[in-house]
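Student: So that you have it, the file is model.cif, and it contains mmCIF, C-alpha atoms:
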```cif
data_work
loop_
_atom_site.label_atom_id
_atom_site.label_comp_id
_atom_site.auth_asym_id
_atom_site.auth_seq_id
_atom_site.Cartn_x
_atom_site.Cartn_y
_atom_site.Cartn_z
CA MET A 124 116.83 115.34 -62.70
CA PRO A 125 120.44 116.48 -62.28
CA HIS A 126 120.96 119.72 -60.44
CA ASP A 127 122.34 122.52 -62.63
CA PRO A 128 123.88 125.22 -60.38
CA CYS A 129 123.83 127.69 -63.27
CA ALA A 130 120.06 127.35 -63.60
CA CYS A 131 119.35 128.45 -60.04
CA PRO A 132 117.80 131.88 -59.80
CA LEU A 133 119.69 134.39 -57.74
CA PRO A 134 118.07 135.17 -54.41
CA THR A 135 116.30 138.50 -54.38
CA PHE A 136 116.90 140.92 -51.57
CA LYS A 137 113.71 142.64 -50.55
CA MET A 138 113.94 145.13 -47.75
CA GLY A 139 110.84 145.97 -45.75
CA LYS A 140 110.02 149.41 -44.40
CA LYS A 141 111.82 148.78 -41.13
CA GLY A 142 114.92 147.65 -43.01
CA LEU A 143 114.78 150.71 -45.27
CA ASP A 144 114.47 152.98 -42.24
CA ARG A 145 117.46 151.32 -40.59
CA ALA A 146 119.50 151.57 -43.79
CA ILE A 147 118.65 155.27 -44.24
CA ILE A 148 119.55 156.03 -40.63
CA SER A 149 122.79 154.02 -40.89
CA ALA A 150 123.79 155.85 -44.07
CA ALA A 151 122.95 159.20 -42.46
CA ILE A 152 125.06 158.34 -39.41
CA ALA A 153 127.94 157.45 -41.75
CA GLY A 154 127.39 160.83 -43.47
CA ILE A 155 127.50 162.62 -40.11
CA LEU A 156 130.78 160.89 -39.21
CA ILE A 157 132.37 161.66 -42.59
CA SER A 158 131.17 165.28 -42.49
CA THR A 159 132.41 165.72 -38.92
CA TYR A 160 135.84 164.50 -40.00
CA ALA A 161 135.68 166.91 -42.96
CA LEU A 162 134.92 169.76 -40.56
CA PHE A 163 137.86 168.72 -38.39
CA VAL A 164 140.19 168.64 -41.42
CA GLU A 165 138.90 172.00 -42.65
CA MET A 166 139.28 173.75 -39.29
CA THR A 167 142.67 172.19 -38.56
CA ALA A 168 144.04 172.93 -42.05
CA GLU A 169 142.89 176.55 -41.79
CA ALA A 170 144.59 176.92 -38.40
CA ASP A 171 147.80 175.09 -39.32
CA SER A 172 149.18 175.39 -42.87
CA ASP A 173 151.51 172.42 -42.21
CA TYR A 174 148.65 170.09 -41.28
CA LYS A 175 148.45 166.91 -43.35
CA ALA A 176 145.20 164.95 -43.12
CA PHE A 177 144.98 161.17 -43.55
CA CYS A 178 143.20 161.81 -46.84
CA ASP A 179 146.00 163.98 -48.24
CA LEU A 180 147.49 161.28 -50.44
CA ALA A 181 149.15 163.31 -53.21
CA GLU A 182 149.38 166.84 -54.57
CA LYS A 183 146.13 166.43 -56.55
CA VAL A 184 144.51 164.00 -54.09
CA SER A 185 144.14 166.29 -51.12
CA CYS A 186 141.15 166.77 -48.87
CA SER A 187 142.89 169.67 -47.14
CA ASN A 188 143.30 171.60 -50.41
CA VAL A 189 139.66 171.10 -51.33
CA LEU A 190 138.27 171.75 -47.84
CA THR A 191 140.14 175.05 -47.57
CA SER A 192 139.22 176.26 -51.06
CA ASP A 193 136.82 179.13 -51.80
CA PHE A 194 134.17 176.50 -52.62
CA SER A 195 134.31 174.83 -49.19
CA LYS A 196 132.02 177.38 -47.57
CA GLY A 197 128.53 178.30 -48.74
CA PHE A 198 129.09 176.01 -51.75
CA GLY A 199 131.23 178.79 -53.22
CA ILE A 200 128.11 180.81 -54.02
CA ALA A 201 127.36 182.48 -50.68
CA GLU A 202 128.45 186.08 -50.45
CA LYS A 203 131.64 186.63 -48.42
CA GLY A 204 130.73 187.46 -44.84
CA SER A 205 127.17 186.22 -45.35
CA VAL A 206 125.40 184.16 -42.68
CA TRP A 207 125.25 181.37 -45.32
CA GLU A 208 129.04 181.27 -45.74
CA ILE A 209 129.53 178.31 -43.41
CA PRO A 210 131.46 175.12 -44.13
CA ASN A 211 129.66 172.84 -46.59
CA CYS A 212 130.16 169.94 -44.19
CA ILE A 213 127.91 171.70 -41.65
CA TYR A 214 125.19 171.80 -44.32
CA GLY A 215 125.87 168.09 -44.76
CA ILE A 216 125.53 167.37 -41.04
CA VAL A 217 122.21 169.26 -40.97
CA PHE A 218 121.05 167.29 -44.04
CA TYR A 219 121.93 163.95 -42.45
CA CYS A 220 120.18 164.90 -39.21
CA LEU A 221 117.08 165.88 -41.23
CA MET A 222 117.19 162.51 -42.98
CA ILE A 223 117.22 160.73 -39.62
CA ILE A 224 114.34 162.83 -38.26
CA MET A 225 112.22 162.45 -41.41
CA THR A 226 112.85 158.71 -41.45
CA THR A 227 110.89 158.39 -38.21
CA TYR A 228 107.71 159.48 -40.04
CA ASP A 229 105.73 157.31 -42.43
CA GLN A 230 103.27 159.90 -43.71
CA LEU A 231 103.36 160.27 -47.48
CA CYS A 232 103.92 164.03 -47.42
CA VAL A 233 106.95 163.66 -45.11
CA VAL A 234 108.45 160.87 -47.23
CA GLN A 235 107.90 162.96 -50.36
CA MET A 236 109.66 165.92 -48.71
CA GLN A 237 112.46 163.59 -47.62
CA PHE A 238 112.83 162.36 -51.21
CA LEU A 239 112.92 165.92 -52.59
CA THR A 240 115.54 166.84 -50.00
CA ALA A 241 117.60 163.74 -50.85
CA MET A 242 117.39 164.57 -54.57
CA LEU A 243 118.49 168.15 -53.87
CA SER A 244 121.53 166.72 -52.10
CA VAL A 245 122.34 164.65 -55.21
CA VAL A 246 122.05 167.77 -57.40
CA MET A 247 124.44 169.57 -55.03
CA CYS A 248 126.80 166.58 -55.22
CA VAL A 249 126.87 166.84 -59.02
CA TYR A 250 127.65 170.57 -58.71
CA LEU A 251 130.38 169.96 -56.12
CA ALA A 252 131.84 167.06 -58.13
CA TYR A 253 132.02 169.36 -61.15
CA LEU A 254 133.90 171.95 -59.06
CA LEU A 255 136.16 169.26 -57.66
CA LEU A 256 137.14 167.77 -61.00
CA PHE A 257 137.05 170.69 -63.42
CA ILE A 258 137.63 173.84 -61.37
CA LEU A 259 139.84 172.67 -58.49
CA GLN A 260 141.25 169.76 -60.52
CA ASP A 261 141.70 167.80 -57.33
CA PHE A 262 140.30 164.63 -55.77
CA CYS A 263 138.90 164.62 -52.25
CA VAL A 264 138.28 161.20 -50.72
CA ILE A 265 136.02 162.70 -48.05
CA CYS A 266 133.97 164.63 -50.60
CA VAL A 267 133.47 161.65 -52.89
CA SER A 268 132.52 159.53 -49.86
CA THR A 269 129.72 161.96 -49.01
CA TYR A 270 128.56 161.93 -52.65
CA LEU A 271 128.26 158.15 -52.48
CA VAL A 272 126.43 158.32 -49.14
CA ASN A 273 124.01 160.89 -50.57
CA ILE A 274 123.32 158.76 -53.64
CA GLY A 275 122.73 155.79 -51.35
CA ILE A 276 120.34 157.77 -49.17
CA ALA A 277 118.43 159.05 -52.22
CA THR A 278 118.09 155.49 -53.53
CA LEU A 279 116.87 154.18 -50.18
CA VAL A 280 114.41 157.04 -49.72
CA TYR A 281 113.09 156.41 -53.25
CA LYS A 282 112.46 152.78 -52.26
CA LYS A 283 110.75 153.94 -49.07
CA LEU A 284 108.60 156.35 -51.08
CA ASN A 285 107.50 153.52 -53.39
CA TYR A 286 106.75 151.35 -50.35
CA VAL A 287 104.62 154.09 -48.73
CA LEU A 288 102.85 154.80 -52.04
CA LYS A 289 101.92 151.12 -52.37
CA LYS A 290 100.52 151.12 -48.83
CA CYS A 291 98.43 154.24 -49.61
CA HIS A 292 96.74 152.68 -52.63
#
```
Translate the structure described by the file into structure tokens.
Tutor:
Amino acid sequence: MPHDPCACPLPTFKMGKKGLDRAIISAAIAGILISTYALFVEMTAEADSDYKAFCDLAEKVSCSNVLTSDFSKGFGIAEKGSVWEIPNCIYGIVFYCLMIIMTTYDQLCVVQMQFLTAMLSVVMCVYLAYLLLFILQDFCVICVSTYLVNIGIATLVYKKLNYVLKKCH
């Protein structure tokens, strides 16, 4: 029989629990690095109005503009002067650290809490993307990068949750 290369099934990529854990931790570390850079840009831009970050590519493609806006602290909803009015990227760093810590546990209740936390981060990303596009009318490479990382983490945690659920039943 002649070999038809078009008839070959594509290989499937199945990641085990250890692979999922490594992927979640890797994504969280990437999130920490991106958020740390965002914090650096925010603090430097607030201290020096002439500062131009690597991600300031154009007038409406500016991380500095976004990261120094009223929405960059406390998600724009924390009361001025409130203990919650801290840079959003610090919330991100805490989230990524929580993802790493929770990934070390395989108990169903912890994985469920990790999934809920990851989904909350996606909801916040939708809110922040709305602000970015429609209120600030700007594009922030750093911000969009964290949105993608958060979606990736949520997807991986969902896969881990399904894996743990299968092992429980």
Student: Residues at most 10 Å from Cys232 of chain A, counting all atoms listed in the file, excluding those fewer than 5 positions away in the same chain, as a PyMOL selection string?
Tutor: chain A and resi 237-238+284
Student: I want to know what sits within 12 Å of segment 161-163 of chain A, based on only C-alpha atoms, with residues of the same chain fewer than 3 positions away left out; could you give that as a count of residues only?
Tutor: 41
Student: Which residues, named as in the file, does the PyMOL selection byres ((chain A and resi 200) around 12) pick out? Answer as a list in words.
Tutor: Asp193, Phe194, Ser195, Lys196, Gly197, Phe198, Gly199, Ala201, Glu202, Lys203, Gly204, Ser205, Trp207, Glu208, Ile209, Pro210, Asn211, Met247, Tyr250, Leu251 and Leu254 of chain A
Student: If I take atom CA of Val249 of chain A and atom CA of Tyr270 of chain A, how far is one from the other in Å, to one decimal?
Tutor: 8.2 Å
Student: Pick from A:Glu182, A:Thr227, A:Asp173, A:Ser192: nearest to Leu255 of chain A, with only C-alpha atoms counted?
Tutor: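 Under the stated criterion, the closest residue is A:Ser192.
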Student: Give as a CSV table (one decimal) with C-alpha atoms, keeping the file's coordinate frame the residues that the PyMOL selection byres ((chain A and resi 231) around 9) matches when applied to the coordinates above.
Tutor:
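Output saved as expr19.csv:
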```
chain,number,residue,atom,x,y,z
A,228,TYR,CA,107.7,159.5,-40.0
A,229,ASP,CA,105.7,157.3,-42.4
A,230,GLN,CA,103.3,159.9,-43.7
A,232,CYS,CA,103.9,164.0,-47.4
A,233,VAL,CA,107.0,163.7,-45.1
A,234,VAL,CA,108.4,160.9,-47.2
A,235,GLN,CA,107.9,163.0,-50.4
A,236,MET,CA,109.7,165.9,-48.7
A,284,LEU,CA,108.6,156.4,-51.1
A,287,VAL,CA,104.6,154.1,-48.7
A,288,LEU,CA,102.8,154.8,-52.0
A,291,CYS,CA,98.4,154.2,-49.6
```
Student: By how many Å are atom CA of Phe218 of chain A and atom CA of Lys289 of chain A apart?
Tutor: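 Calculated distance between atom CA of Phe218 of chain A and atom CA of Lys289 of chain A is 26.4 Å.
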Student: Could you list, as a ChimeraX atom specification, every residue matched by the PyMOL selection byres ((chain A and resi 146) around 12) in this structure?
Tutor: /A:138-145,147-153,222-223,226,272,275-280,282-283
Student: Would you work out the distance separating atom CA of Leu271 of chain A from atom CA of Tyr219 of chain A, expressed in Å to one decimal?
Tutor: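 Spanning atom CA of Leu271 of chain A to atom CA of Tyr219 of chain A is a straight-line distance of 13.2 Å.
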Student: Select, from A:Leu180, A:Thr159, A:Cys248, A:Tyr253, the residue with the minimum atom-to-atom distance to Ile274 of chain A, counting only C-alpha atoms.
Tutor: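 Among A:Leu180, A:Thr159, A:Cys248, A:Tyr253, it is A:Cys248 that comes nearest to Ile274 of chain A.
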Student: Find the smallest box with edges along x, y and z containing every listed atom of segment 228-231 of chain A, then add 4 Å on each side and report centre and edge lengths in Å to one decimal, as lines of an AutoDock Vina configuration file.
Tutor:
```
center_x = 105.5
center_y = 158.8
center_z = -43.8
size_x = 12.4
size_y = 11.0
size_z = 15.4
```
